[in-house]
file my_file_23.csv (CSV, C-alpha atoms)
chain,number,residue,atom,x,y,z
A,1,MET,CA,-2.9,11.4,3.6
A,2,LYS,CA,-3.8,8.0,4.8
A,3,LYS,CA,-7.0,7.6,6.8
A,4,TYR,CA,-6.9,5.5,9.9
A,5,ALA,CA,-10.3,5.6,11.4
A,6,VAL,CA,-13.9,6.2,10.3
A,7,VAL,CA,-17.3,6.0,11.9
A,8,LEU,CA,-20.0,5.1,9.5
A,9,CYS,CA,-23.5,5.9,10.7
A,10,VAL,CA,-26.9,5.5,9.2
A,11,PHE,CA,-29.9,6.2,11.5
A,12,ALA,CA,-33.3,4.9,10.4
A,13,LEU,CA,-36.2,6.8,11.9
A,14,VAL,CA,-38.7,3.9,12.1
A,15,ALA,CA,-41.6,3.9,14.5
A,16,GLY,CA,-41.0,1.5,17.4
A,17,THR,CA,-37.2,1.3,16.6
A,18,ALA,CA,-34.8,2.0,19.4
A,19,PHE,CA,-31.0,1.8,19.9
A,20,ALA,CA,-30.2,1.1,23.5
A,21,GLY,CA,-26.7,0.6,24.8
A,22,GLY,CA,-25.4,-0.5,21.4
A,23,SER,CA,-27.6,-3.6,21.3
A,24,GLN,CA,-29.5,-4.8,18.2
A,25,GLU,CA,-33.2,-5.1,18.0
A,26,ILE,CA,-35.4,-6.8,15.4
A,27,VAL,CA,-38.6,-4.8,14.9
A,28,ASP,CA,-41.8,-5.4,13.0
A,29,ASP,CA,-40.3,-4.8,9.6
A,30,GLY,CA,-38.1,-7.9,10.1
A,31,GLY,CA,-35.0,-6.0,9.2
A,32,LEU,CA,-31.7,-5.8,11.2
A,33,HIS,CA,-31.5,-2.8,13.5
A,34,GLY,CA,-28.7,-2.0,15.9
A,35,SER,CA,-25.1,-1.0,16.2
A,36,LEU,CA,-21.9,-3.0,15.7
A,37,THR,CA,-18.2,-2.3,16.3
A,38,VAL,CA,-15.5,-3.5,13.9
A,39,ALA,CA,-11.8,-3.1,14.5
A,40,THR,CA,-8.8,-3.7,12.3
A,41,ASN,CA,-5.1,-2.7,12.0
A,42,ALA,CA,-5.3,-2.2,8.2
A,43,SER,CA,-4.1,0.9,6.4
A,44,SER,CA,-4.6,2.2,2.9
A,45,PRO,CA,-5.7,0.8,0.5
A,46,THR,CA,-7.2,-2.2,2.4
A,47,PHE,CA,-8.9,-0.1,5.0
A,48,GLU,CA,-10.8,1.9,2.4
A,49,ALA,CA,-11.8,-1.2,0.5
A,50,VAL,CA,-13.3,-2.9,3.6
A,51,GLU,CA,-14.8,0.5,4.5
A,52,HIS,CA,-16.6,0.5,1.2
A,53,ILE,CA,-18.0,-3.0,1.8
A,54,ILE,CA,-19.3,-2.0,5.2
A,55,ASP,CA,-20.9,1.0,3.6
A,56,LEU,CA,-22.7,-1.3,1.2
A,57,PHE,CA,-23.8,-3.5,4.1
A,58,MET,CA,-25.4,-0.5,5.8
A,59,GLU,CA,-27.1,0.6,2.6
A,60,GLU,CA,-28.6,-2.9,2.3
A,61,ASN,CA,-29.6,-2.7,6.1
A,62,PRO,CA,-30.6,0.9,6.7
A,63,GLY,CA,-31.4,0.3,10.3
A,64,VAL,CA,-27.8,-0.5,11.1
A,65,GLU,CA,-25.0,1.6,12.5
A,66,VAL,CA,-21.4,0.3,12.1
A,67,GLU,CA,-18.4,1.8,13.8
A,68,TYR,CA,-15.4,0.7,11.7
A,69,THR,CA,-12.0,1.7,13.2
A,70,SER,CA,-8.3,1.0,12.5
A,71,TYR,CA,-6.1,1.1,15.5
A,72,GLY,CA,-3.0,1.1,13.2
A,73,SER,CA,0.3,0.4,14.9
A,74,ASP,CA,-1.4,0.4,18.4
A,75,TYR,CA,-3.6,-2.5,17.4
A,76,GLU,CA,-1.8,-5.3,19.2
A,77,ASN,CA,-1.5,-3.5,22.5
A,78,LEU,CA,-5.0,-2.2,22.5
A,79,MET,CA,-6.4,-5.7,21.7
A,80,LYS,CA,-4.3,-7.2,24.5
A,81,ALA,CA,-5.9,-4.7,26.9
A,82,ARG,CA,-9.3,-5.5,25.6
A,83,MET,CA,-8.8,-9.2,25.9
A,84,ALA,CA,-7.7,-8.8,29.5
A,85,ALA,CA,-10.9,-6.9,30.2
A,86,ASN,CA,-13.0,-9.3,28.1
A,87,ASP,CA,-14.4,-6.4,26.2
A,88,LEU,CA,-13.7,-6.9,22.5
A,89,PRO,CA,-15.2,-5.4,19.4
A,90,ASP,CA,-18.0,-7.4,17.9
A,91,VAL,CA,-15.9,-8.2,14.9
A,92,PHE,CA,-12.2,-7.8,14.7
A,93,ALA,CA,-9.2,-8.5,12.5
A,94,THR,CA,-6.9,-11.3,13.7
A,95,HIS,CA,-3.8,-10.0,11.9
A,96,GLY,CA,-2.1,-13.4,11.7
A,97,TRP,CA,-3.1,-14.6,15.1
A,98,ALA,CA,-6.5,-16.2,14.6
A,99,VAL,CA,-5.6,-19.5,16.3
A,100,ASN,CA,-2.5,-18.8,18.4
A,101,ARG,CA,-3.8,-15.7,20.2
A,102,TYR,CA,-7.5,-15.1,19.6
A,103,ALA,CA,-9.1,-18.5,19.3
A,104,GLU,CA,-10.5,-18.7,22.8
A,105,TYR,CA,-12.2,-15.3,22.3
A,106,LEU,CA,-13.8,-16.2,18.9
A,107,ARG,CA,-17.0,-17.8,17.8
A,108,PRO,CA,-16.5,-20.9,15.6
A,109,LEU,CA,-17.6,-20.1,12.0
A,110,ASN,CA,-18.0,-23.7,10.7
A,111,ASP,CA,-21.8,-23.3,10.6
A,112,LEU,CA,-21.8,-20.1,8.4
A,113,SER,CA,-22.4,-20.5,4.7
A,114,PHE,CA,-19.0,-19.3,3.6
A,115,ALA,CA,-17.0,-21.8,5.6
A,116,SER,CA,-16.9,-24.4,2.8
A,117,ARG,CA,-15.6,-21.8,0.4
A,118,LEU,CA,-12.4,-21.0,2.2
A,119,SER,CA,-9.3,-21.8,0.2
A,120,PRO,CA,-7.5,-25.1,1.1
A,121,SER,CA,-4.2,-23.2,1.1
A,122,ILE,CA,-5.3,-21.0,3.9
A,123,VAL,CA,-8.1,-22.7,5.9
A,124,ASP,CA,-5.8,-24.7,8.1
A,125,THR,CA,-4.2,-21.4,9.2
A,126,VAL,CA,-7.5,-20.3,10.7
A,127,THR,CA,-8.6,-23.7,12.1
A,128,THR,CA,-7.9,-24.9,15.6
A,129,ASP,CA,-6.7,-28.4,16.5
A,130,ASN,CA,-10.2,-29.4,17.3
A,131,GLY,CA,-11.5,-28.3,13.9
A,132,ASP,CA,-13.0,-24.9,14.7
A,133,ILE,CA,-12.7,-22.3,11.9
A,134,VAL,CA,-12.3,-19.2,14.0
A,135,ALA,CA,-11.7,-16.4,11.4
A,136,MET,CA,-12.6,-15.5,7.8
A,137,PRO,CA,-9.5,-14.6,5.6
A,138,ILE,CA,-10.7,-12.1,3.0
A,139,THR,CA,-7.2,-11.8,1.7
A,140,SER,CA,-4.2,-14.1,2.1
A,141,GLU,CA,-0.6,-13.3,1.8
A,142,GLN,CA,2.3,-14.6,-0.4
A,143,SER,CA,5.1,-12.1,0.3
A,144,GLY,CA,8.8,-11.7,0.1
A,145,ILE,CA,10.6,-8.4,-0.7
A,146,ILE,CA,9.2,-5.6,-2.9
A,147,TYR,CA,11.6,-4.5,-5.6
A,148,ASN,CA,11.9,-2.3,-8.6
A,149,LYS,CA,12.4,-4.3,-11.8
A,150,THR,CA,13.8,-1.4,-13.8
A,151,ILE,CA,16.4,-0.5,-11.2
A,152,LEU,CA,17.3,-4.2,-10.9
A,153,GLU,CA,18.1,-4.3,-14.6
A,154,GLN,CA,20.0,-1.0,-14.5
A,155,ALA,CA,22.1,-2.5,-11.7
A,156,GLY,CA,23.1,-5.3,-14.1
A,157,TRP,CA,20.9,-8.1,-12.7
A,158,ASP,CA,18.9,-10.4,-14.9
A,159,GLU,CA,17.3,-12.2,-12.0
A,160,VAL,CA,16.5,-11.3,-8.4
A,161,PRO,CA,19.1,-12.2,-5.7
A,162,ALA,CA,18.7,-15.9,-4.7
A,163,THR,CA,21.0,-15.8,-1.6
A,164,LEU,CA,21.7,-13.3,1.1
A,165,GLU,CA,25.2,-12.8,-0.3
A,166,GLU,CA,23.7,-11.9,-3.7
A,167,PHE,CA,21.2,-9.6,-2.0
A,168,TYR,CA,24.1,-7.6,-0.4
A,169,GLN,CA,25.9,-7.4,-3.7
A,170,CYS,CA,22.7,-6.2,-5.4
A,171,CYS,CA,22.4,-3.5,-2.7
A,172,GLU,CA,26.0,-2.4,-3.5
A,173,ASP,CA,25.3,-2.2,-7.2
A,174,VAL,CA,22.1,-0.3,-6.6
A,175,LYS,CA,23.9,2.1,-4.3
A,176,ALA,CA,26.4,2.8,-7.1
A,177,LEU,CA,23.5,4.0,-9.2
A,178,GLY,CA,22.6,6.7,-6.5
A,179,VAL,CA,19.4,4.8,-5.5
A,180,ILE,CA,18.6,3.9,-2.0
A,181,PRO,CA,18.9,0.0,-1.8
A,182,VAL,CA,16.6,-0.6,1.2
A,183,TYR,CA,14.0,1.8,2.5
A,184,ILE,CA,13.4,1.7,6.3
A,185,THR,CA,10.8,3.9,8.0
A,186,GLY,CA,12.0,3.9,11.6
A,187,LYS,CA,9.3,6.3,12.9
A,188,ASP,CA,7.2,3.2,13.1
A,189,THR,CA,9.5,0.3,14.0
A,190,ARG,CA,7.1,-2.3,12.7
A,191,ILE,CA,9.2,-2.2,9.5
A,192,GLN,CA,12.3,-3.4,11.2
A,193,ALA,CA,10.4,-6.0,13.1
A,194,ASN,CA,8.9,-7.2,9.8
A,195,MET,CA,12.4,-7.4,8.3
A,196,MET,CA,13.6,-9.6,11.1
A,197,ASP,CA,10.4,-11.6,11.1
A,198,ILE,CA,10.9,-12.5,7.4
A,199,MET,CA,14.7,-13.1,7.5
A,200,ALA,CA,14.5,-15.2,10.7
A,201,VAL,CA,12.5,-17.9,8.8
A,202,ALA,CA,15.2,-18.1,6.1
A,203,MET,CA,18.1,-18.0,8.6
A,204,LEU,CA,16.8,-20.1,11.4
A,205,ILE,CA,14.1,-22.4,10.0
A,206,THR,CA,14.5,-23.2,6.3
A,207,SER,CA,18.3,-23.0,6.0
A,208,ASN,CA,20.1,-26.3,5.5
A,209,ASP,CA,22.1,-25.4,8.6
A,210,ALA,CA,18.9,-24.8,10.7
A,211,GLY,CA,19.2,-28.2,12.5
A,212,ASP,CA,16.6,-28.5,15.3
A,213,ASN,CA,16.0,-24.8,15.8
A,214,ALA,CA,12.3,-25.1,15.2
A,215,GLU,CA,11.9,-27.8,17.8
A,216,ARG,CA,14.0,-25.9,20.3
A,217,LEU,CA,11.9,-22.8,19.8
A,218,TYR,CA,8.8,-24.8,20.5
A,219,ASP,CA,10.1,-26.4,23.7
A,220,GLY,CA,11.9,-23.4,25.1
A,221,THR,CA,15.5,-24.6,24.7
A,222,PHE,CA,16.6,-22.4,21.8
A,223,ASP,CA,20.1,-21.0,21.9
A,224,TRP,CA,19.6,-17.3,21.4
A,225,SER,CA,23.1,-16.7,20.3
A,226,LYS,CA,21.8,-18.1,17.0
A,227,TRP,CA,19.7,-14.9,16.6
A,228,TYR,CA,22.9,-13.0,15.8
A,229,PRO,CA,22.6,-13.1,12.0
A,230,VAL,CA,19.0,-11.9,12.2
A,231,SER,CA,19.8,-8.7,14.1
A,232,SER,CA,23.0,-8.4,12.0
A,233,PHE,CA,20.9,-8.1,8.9
A,234,ILE,CA,19.7,-4.7,10.2
A,235,THR,CA,23.1,-3.5,11.3
A,236,ASP,CA,24.8,-4.7,8.1
A,237,LEU,CA,22.4,-2.7,5.9
A,238,VAL,CA,22.8,0.4,8.0
A,239,GLU,CA,26.6,0.3,8.4
A,240,ASN,CA,27.1,-0.4,4.7
A,241,GLY,CA,25.0,2.6,3.7
A,242,TYR,CA,22.3,0.4,2.1
A,243,THR,CA,19.5,2.3,3.8
A,244,ASN,CA,18.1,5.8,3.7
A,245,VAL,CA,20.0,8.2,5.9
A,246,ASP,CA,16.8,9.0,7.8
A,247,ALA,CA,16.1,5.3,8.5
A,248,THR,CA,15.5,6.0,12.2
A,249,THR,CA,13.0,8.8,11.7
A,250,ALA,CA,11.4,8.3,8.2
A,251,ASP,CA,7.6,8.2,8.2
A,252,PRO,CA,6.0,5.1,6.6
A,253,ILE,CA,3.4,7.3,4.9
A,254,TYR,CA,6.1,8.2,2.3
A,255,THR,CA,7.0,4.6,1.5
A,256,SER,CA,4.5,4.2,-1.4
A,257,GLU,CA,5.7,7.5,-2.9
A,258,LYS,CA,9.4,6.4,-2.7
A,259,LEU,CA,8.5,3.1,-4.4
A,260,ALA,CA,6.2,4.8,-7.0
A,261,PHE,CA,8.8,7.1,-8.4
A,262,GLY,CA,11.9,4.8,-8.3
A,263,GLU,CA,13.7,6.4,-5.4
A,264,VAL,CA,14.2,3.1,-3.6
A,265,MET,CA,15.0,-0.5,-4.7
A,266,PHE,CA,13.9,-2.9,-1.9
A,267,ASN,CA,11.2,-2.6,0.7
A,268,PHE,CA,10.0,-5.2,3.2
A,269,ASN,CA,6.2,-4.8,2.9
A,270,ASN,CA,3.4,-6.9,1.5
A,271,GLN,CA,1.5,-6.6,-1.8
A,272,ALA,CA,-0.8,-3.9,-0.5
A,273,MET,CA,2.1,-1.4,-0.5
A,274,ILE,CA,2.7,-2.1,-4.2
A,275,THR,CA,-0.9,-1.4,-4.9
A,276,ASP,CA,-0.7,1.8,-3.0
A,277,ALA,CA,2.3,2.9,-5.0
A,278,TRP,CA,0.5,2.1,-8.2
A,279,THR,CA,-2.3,4.6,-7.3
A,280,LEU,CA,0.4,7.3,-7.4
A,281,ASN,CA,2.2,6.0,-10.5
A,282,PRO,CA,0.5,3.2,-12.5
A,283,ASP,CA,3.7,2.8,-14.5
A,284,ALA,CA,5.9,2.0,-11.5
A,285,ASP,CA,7.8,-1.2,-12.4
A,286,LEU,CA,7.3,-2.9,-9.1
A,287,SER,CA,7.1,-6.5,-8.2
A,288,MET,CA,7.6,-9.0,-5.4
A,289,MET,CA,10.6,-11.4,-5.1
A,290,PRO,CA,10.9,-14.4,-2.8
A,291,VAL,CA,13.0,-14.2,0.4
A,292,PRO,CA,16.6,-15.1,-0.6
A,293,GLY,CA,18.2,-18.2,0.8
A,294,TYR,CA,20.5,-17.6,3.8
A,295,LYS,CA,23.4,-19.4,2.3
A,296,GLU,CA,24.4,-21.0,-1.0
A,297,GLY,CA,22.3,-24.1,-1.6
A,298,ASP,CA,19.4,-22.8,0.6
A,299,SER,CA,16.0,-22.4,-1.2
A,300,GLN,CA,14.2,-19.1,-1.6
A,301,ILE,CA,10.9,-19.0,0.2
A,302,TRP,CA,7.6,-17.1,0.4
A,303,ILE,CA,6.2,-15.7,3.6
A,304,GLY,CA,2.4,-15.8,4.0
A,305,GLY,CA,-0.7,-16.7,5.9
A,306,GLU,CA,-3.9,-14.9,6.8
A,307,ARG,CA,-4.0,-11.2,6.0
A,308,GLU,CA,-7.2,-9.1,6.2
A,309,CYS,CA,-9.0,-11.7,8.3
A,310,TYR,CA,-11.9,-11.2,10.6
A,311,GLY,CA,-13.5,-13.1,13.5
A,312,ILE,CA,-16.6,-12.6,15.7
A,313,TRP,CA,-16.2,-12.1,19.5
A,314,LYS,CA,-17.8,-15.1,21.1
A,315,ASP,CA,-19.5,-12.9,23.7
A,316,SER,CA,-20.7,-10.2,21.3
A,317,PRO,CA,-24.1,-8.9,22.4
A,318,ASN,CA,-24.8,-8.3,18.7
A,319,MET,CA,-24.2,-11.8,17.5
A,320,GLU,CA,-26.9,-11.9,14.8
A,321,LEU,CA,-25.8,-8.6,13.3
A,322,ALA,CA,-22.1,-9.7,13.4
A,323,ILE,CA,-23.0,-12.9,11.6
A,324,ALA,CA,-24.9,-10.9,9.0
A,325,LEU,CA,-22.0,-8.6,8.4
A,326,MET,CA,-19.5,-11.6,8.0
A,327,GLU,CA,-21.8,-13.3,5.5
A,328,PHE,CA,-22.1,-10.1,3.5
A,329,MET,CA,-18.4,-9.5,3.5
A,330,ALA,CA,-17.9,-13.1,2.3
A,331,ARG,CA,-20.0,-12.6,-0.9
A,332,PRO,CA,-17.7,-13.3,-3.9
A,333,GLU,CA,-18.0,-9.9,-5.4
A,334,ASN,CA,-17.1,-8.2,-2.1
A,335,VAL,CA,-14.1,-10.5,-1.5
A,336,GLU,CA,-12.9,-9.8,-5.0
A,337,TYR,CA,-13.3,-6.0,-4.5
A,338,VAL,CA,-11.1,-6.1,-1.4
A,339,CYS,CA,-8.5,-8.4,-3.0
A,340,ASN,CA,-8.2,-6.2,-6.1
A,341,ALA,CA,-8.0,-3.0,-4.1
A,342,ALA,CA,-5.3,-4.5,-1.8
A,343,GLY,CA,-3.5,-6.4,-4.5
A,344,MET,CA,-3.6,-9.5,-2.3
A,345,PRO,CA,-4.6,-13.1,-3.1
A,346,SER,CA,-8.0,-14.3,-2.0
A,347,GLY,CA,-8.7,-16.5,1.0
A,348,PHE,CA,-11.6,-18.0,-0.9
A,349,SER,CA,-11.4,-20.9,-3.4
A,350,ASP,CA,-14.1,-19.4,-5.6
A,351,VAL,CA,-12.6,-15.9,-5.9
A,352,SER,CA,-9.7,-15.2,-8.3
A,353,PRO,CA,-8.8,-11.5,-8.2
A,354,ASP,CA,-7.0,-9.9,-11.1
A,355,LEU,CA,-3.5,-9.5,-9.6
A,356,LYS,CA,-0.7,-7.8,-11.5
A,357,LEU,CA,1.8,-10.0,-9.6
A,358,ALA,CA,0.2,-13.2,-11.0
A,359,GLU,CA,3.2,-13.8,-13.3
A,360,GLU,CA,5.7,-13.6,-10.5
A,361,TYR,CA,3.7,-16.0,-8.4
A,362,GLU,CA,3.5,-18.4,-11.3
A,363,LYS,CA,7.3,-18.1,-12.0
A,364,TYR,CA,8.0,-19.1,-8.4
A,365,SER,CA,5.1,-21.5,-7.9
A,366,ASP,CA,7.4,-24.3,-6.8
A,367,LEU,CA,8.6,-22.4,-3.7
A,368,LYS,CA,7.1,-23.2,-0.3
A,369,ILE,CA,5.1,-20.6,1.7
A,370,TYR,CA,6.0,-20.3,5.4
A,371,PRO,CA,4.4,-18.3,8.2
A,372,TYR,CA,5.9,-15.3,9.7
A,373,PHE,CA,8.5,-16.2,12.3
A,374,ASP,CA,6.8,-14.7,15.3
A,375,ARG,CA,3.4,-16.2,14.5
A,376,GLU,CA,4.7,-19.8,14.5
A,377,TRP,CA,7.9,-20.0,16.5
A,378,LEU,CA,7.7,-17.3,19.2
A,379,PRO,CA,5.3,-16.9,22.1
A,380,SER,CA,2.7,-14.2,21.9
A,381,GLY,CA,4.1,-10.7,22.7
A,382,MET,CA,7.5,-11.1,21.1
A,383,TRP,CA,6.5,-8.8,18.2
A,384,ALA,CA,6.8,-5.8,20.6
A,385,THR,CA,10.3,-7.0,21.6
A,386,MET,CA,11.3,-7.2,17.9
A,387,ARG,CA,10.1,-3.7,17.4
A,388,THR,CA,12.2,-2.5,20.3
A,389,ILE,CA,15.4,-4.1,19.2
A,390,GLY,CA,14.8,-3.3,15.6
A,391,GLY,CA,14.6,0.4,16.3
A,392,ALA,CA,17.6,0.3,18.7
A,393,LEU,CA,19.7,-1.5,16.2
A,394,THR,CA,18.9,0.9,13.4
A,395,ALA,CA,19.8,3.9,15.7
A,396,GLY,CA,23.0,2.2,16.9
A,397,GLU,CA,21.7,2.2,20.4
A,398,MET,CA,22.0,-1.5,20.9
A,399,SER,CA,24.6,-4.0,19.9
A,400,VAL,CA,23.8,-7.3,18.2
A,401,GLU,CA,24.8,-9.2,21.3
A,402,GLU,CA,22.5,-7.1,23.4
A,403,SER,CA,19.7,-7.7,21.0
A,404,CYS,CA,20.2,-11.5,21.4
A,405,SER,CA,20.1,-11.2,25.2
A,406,THR,CA,17.0,-9.0,25.0
A,407,MET,CA,15.2,-11.5,22.8
A,408,GLU,CA,16.2,-14.4,25.1
A,409,ASP,CA,14.9,-12.6,28.2
A,410,SER,CA,11.6,-11.7,26.6
A,411,TYR,CA,11.2,-15.2,25.2
A,412,LEU,CA,11.8,-16.9,28.5
A,413,SER,CA,9.5,-14.6,30.3
A,414,LEU,CA,6.7,-15.0,27.9
A,415,MET,CA,7.1,-18.8,27.7
A,416,ALA,CA,6.9,-18.9,31.5
A,417,GLN,CA,3.7,-17.0,31.4
A,418,GLN,CA,2.2,-19.3,28.8

call {"tool": "encode", "arguments": {"input": "my_file_23.csv", "output": "structure tokens"}}
result
Amino acid sequence: MKKYAVVLCVFALVAGTAFAGGSQEIVDDGGLHGSLTVATNASSPTFEAVEHIIDLFMEENPGVEVEYTSYGSDYENLMKARMAANDLPDVFATHGWAVNRYAEYLRPLNDLSFASRLSPSIVDTVTTDNGDIVAMPITSEQSGIIYNKTILEQAGWDEVPATLEEFYQCCEDVKALGVIPVYITGKDTRIQANMMDIMAVAMLITSNDAGDNAERLYDGTFDWSKWYPVSSFITDLVENGYTNVDATTADPIYTSEKLAFGEVMFNFNNQAMITDAWTLNPDADLSMMPVPGYKEGDSQIWIGGERECYGIWKDSPNMELAIALMEFMARPENVEYVCNAAGMPSGFSDVSPDLKLAEEYEKYSDLKIYPYFDREWLPSGMWATMRTIGGALTAGEMSVEESCSTMEDSYLSLMAQQ
């Protein structure tokens, strides 16, 4: 069973040492003493890997108490509430929103020793327009669609689908084998939102037919009838029998098991899910394919950006302790440990984790990496809307046309607020 929260506590009984109101104190021994709160939305295996690093930090600093918590699927809403109250964790994960959502709440990190080591491929993602590096990406992401290489071959495919039309045909061929083509876990509608988040980039931004969609999304004049194919992607999969029959209720905790034992072909998750599946079955023939082009002639793409990425609350009452933790987490051996555990690329130029997917990344090294759709082209808050319509579309409780109207209403409302 996945673990979603942990409190790690070490109490040092040192004369003259006191913990008052969660603040830190430096006592005569010169060591760090105090408490610190750290929050993330990570799940297994990333959560356990970072937990281990924090445990090592406390072993090295026995006067420290760190509360490390994952808010899971509630992370975004809880963080919004805490931002509104200006009461944030000392250190927290930015989950792809370091600049666009959290920058004003974060302490710039340019003066910390690890800043110069951040990878050129990711540093701009966590840097504001005025040059402030506001978060530390331990892992970065280069994702598309998880697939089973053995099932692909059994279905008669030598290469992964390069276009959406080929993807649907591959689903049909996989279905004929008696295997579930696409696994959806609707108990947590983040999976449907993620599917649309990925496909929207290929359909609305990188397609040769995209026109000026990007500019119109930026300036608020986007025609939301163009969202139709994005929502249709969900309904087409369901109506053609390409998803699991319990798509509206399936629990995401079973995803790694389904992938590990070849019960499903495709899944819209990141590399960490493959790593999780390999803990159950090291022989699972899993890999990551690029997102197919929307139409013939469109390029395949990767989706990426910051992944397990942490910043320091600018008003933290425990600033020295927060900085010490970040510097510790940034040590090369600690970054490598988390990357290997999660199966994710490093956010540091001097750390090269041993990734099983390195061959795939090399094969498609000429493809561009684009940010998730909602992180770049939607106002903050639209992720919740995508979760709502994704669940409703899967359950047949909303038409594609209604989903377009819902997206438009939410978009205009949030744009007006910003």

call {"tool": "residues_around", "arguments": {"input": "my_file_23.csv", "residues": "Val64 in chain A", "least_positions_apart": "5", "cutoff": "7 Å", "atoms": "all atoms listed in the file", "output": "list in words"}}
result
Val10, Leu32, His33, Gly34, Ser35 and Met58 of chain A

call {"tool": "residues_around", "arguments": {"input": "my_file_23.csv", "residues": "Ser116 in chain A", "least_positions_apart": "4", "cutoff": "12 Å", "atoms": "only C-alpha atoms", "output": "list in words"}}
result
Leu109, Asn110, Asp111, Leu112, Pro120, Val123, Ile133, Met136, Ala330, Gly347, Phe348, Ser349 and Asp350 of chain A

call {"tool": "residues_around", "arguments": {"input": "my_file_23.csv", "residues": "Ala250 in chain A", "least_positions_apart": "3", "cutoff": "7 Å", "atoms": "all atoms listed in the file", "output": "PyMOL selection string"}}
result
chain A and resi 185-187+246-247

call {"tool": "closest_residue", "arguments": {"input": "my_file_23.csv", "among": "A:Leu177, A:Ala277, A:Gln417, A:Tyr105", "to": "Asp87 in chain A", "atoms": "all atoms listed in the file"}}
result
A:Tyr105

call {"tool": "residues_near_point", "arguments": {"input": "my_file_23.csv", "point": "(-10.3, -5.3, 23.9)", "cutoff": "12 Å", "atoms": "all atoms listed in the file", "output": "PyMOL selection string"}}
result
chain A and resi 37-40+71+74-93+102+105+313+315-316

call {"tool": "residues_near_point", "arguments": {"input": "my_file_23.csv", "point": "(23.1, -21.4, 11.1)", "cutoff": "12 Å", "atoms": "all atoms listed in the file", "output": "list in words"}}
result
Ala200, Val201, Ala202, Met203, Leu204, Ile205, Thr206, Ser207, Asn208, Asp209, Ala210, Gly211, Asp212, Asn213, Asp223, Trp224, Ser225, Lys226, Trp227, Tyr228, Pro229, Val230, Gly293, Tyr294, Lys295 and Asp298 of chain A

call {"tool": "residues_around", "arguments": {"input": "my_file_23.csv", "residues": "range 141-158 of chain A", "least_positions_apart": "4", "cutoff": "7 Å", "atoms": "only C-alpha atoms", "output": "list in words"}}
result
Asp173, Val174, Met265, Phe266, Asn267, Phe268, Asn269, Asn270, Gln271, Asp285, Leu286, Ser287, Met288, Met289, Pro290, Val291, Trp302, Ile303, Gly304, Gly305, Glu306, Arg307, Met344, Pro345 and Ile369 of chain A

call {"tool": "atom_distance", "arguments": {"input": "my_file_23.csv", "atom1": "CA of Val182 in chain A", "atom2": "CA of Thr243 in chain A"}}
result
4.9 Å

call {"tool": "atom_distance", "arguments": {"input": "my_file_23.csv", "atom1": "CA of Glu360 in chain A", "atom2": "CA of Gly343 in chain A"}}
result
13.1 Å

call {"tool": "residues_around", "arguments": {"input": "my_file_23.csv", "residues": "Ala98 in chain A", "least_positions_apart": "3", "cutoff": "10 Å", "atoms": "only C-alpha atoms", "output": "number ranges by chain"}}
result
A: 93-95, 101-106, 125-128, 133-137, 306, 309-311, 375

call {"tool": "atom_distance", "arguments": {"input": "my_file_23.csv", "atom1": "CA of Trp377 in chain A", "atom2": "CA of Tyr218 in chain A"}}
result
6.3 Å

call {"tool": "closest_residue", "arguments": {"input": "my_file_23.csv", "among": "A:Ala341, A:Val245, A:Ile198, A:Ile253", "to": "Ile180 in chain A", "atoms": "all atoms listed in the file"}}
result
A:Val245

call {"tool": "closest_residue", "arguments": {"input": "my_file_23.csv", "among": "A:Ala322, A:Met382, A:Val400, A:Ala284", "to": "Lys356 in chain A", "atoms": "all atoms listed in the file"}}
result
A:Ala284

call {"tool": "closest_residue", "arguments": {"input": "my_file_23.csv", "among": "A:Ala115, A:Leu36, A:Ile53, A:Ile301", "to": "Leu367 in chain A", "atoms": "all atoms listed in the file"}}
result
A:Ile301

call {"tool": "closest_residue", "arguments": {"input": "my_file_23.csv", "among": "A:Glu308, A:Ile234, A:Lys258, A:Val264", "to": "Asn41 in chain A", "atoms": "only C-alpha atoms"}}
result
A:Glu308

call {"tool": "build_atoms", "arguments": {"input": "my_file_23.csv", "residues": "range 108-114 of chain A", "atoms": "N, CA and C atoms", "output": "CSV table (one decimal), keeping the file's coordinate frame"}}
result
chain,number,residue,atom,x,y,z
A,108,PRO,N,-16.7,-20.0,16.7
A,108,PRO,CA,-16.5,-20.9,15.6
A,108,PRO,C,-17.4,-20.5,14.4
A,109,LEU,N,-16.9,-20.5,13.2
A,109,LEU,CA,-17.6,-20.1,12.0
A,109,LEU,C,-18.0,-21.3,11.1
A,110,ASN,N,-17.8,-22.5,11.6
A,110,ASN,CA,-18.0,-23.7,10.7
A,110,ASN,C,-19.5,-23.7,10.2
A,111,ASP,N,-20.4,-23.2,10.9
A,111,ASP,CA,-21.8,-23.3,10.6
A,111,ASP,C,-22.3,-22.2,9.6
A,112,LEU,N,-21.4,-21.2,9.3
A,112,LEU,CA,-21.8,-20.1,8.4
A,112,LEU,C,-21.6,-20.6,7.0
A,113,SER,N,-22.3,-20.0,6.1
A,113,SER,CA,-22.4,-20.5,4.7
A,113,SER,C,-21.1,-20.4,3.9
A,114,PHE,N,-20.2,-19.4,4.3
A,114,PHE,CA,-19.0,-19.3,3.6
A,114,PHE,C,-17.9,-20.2,4.0
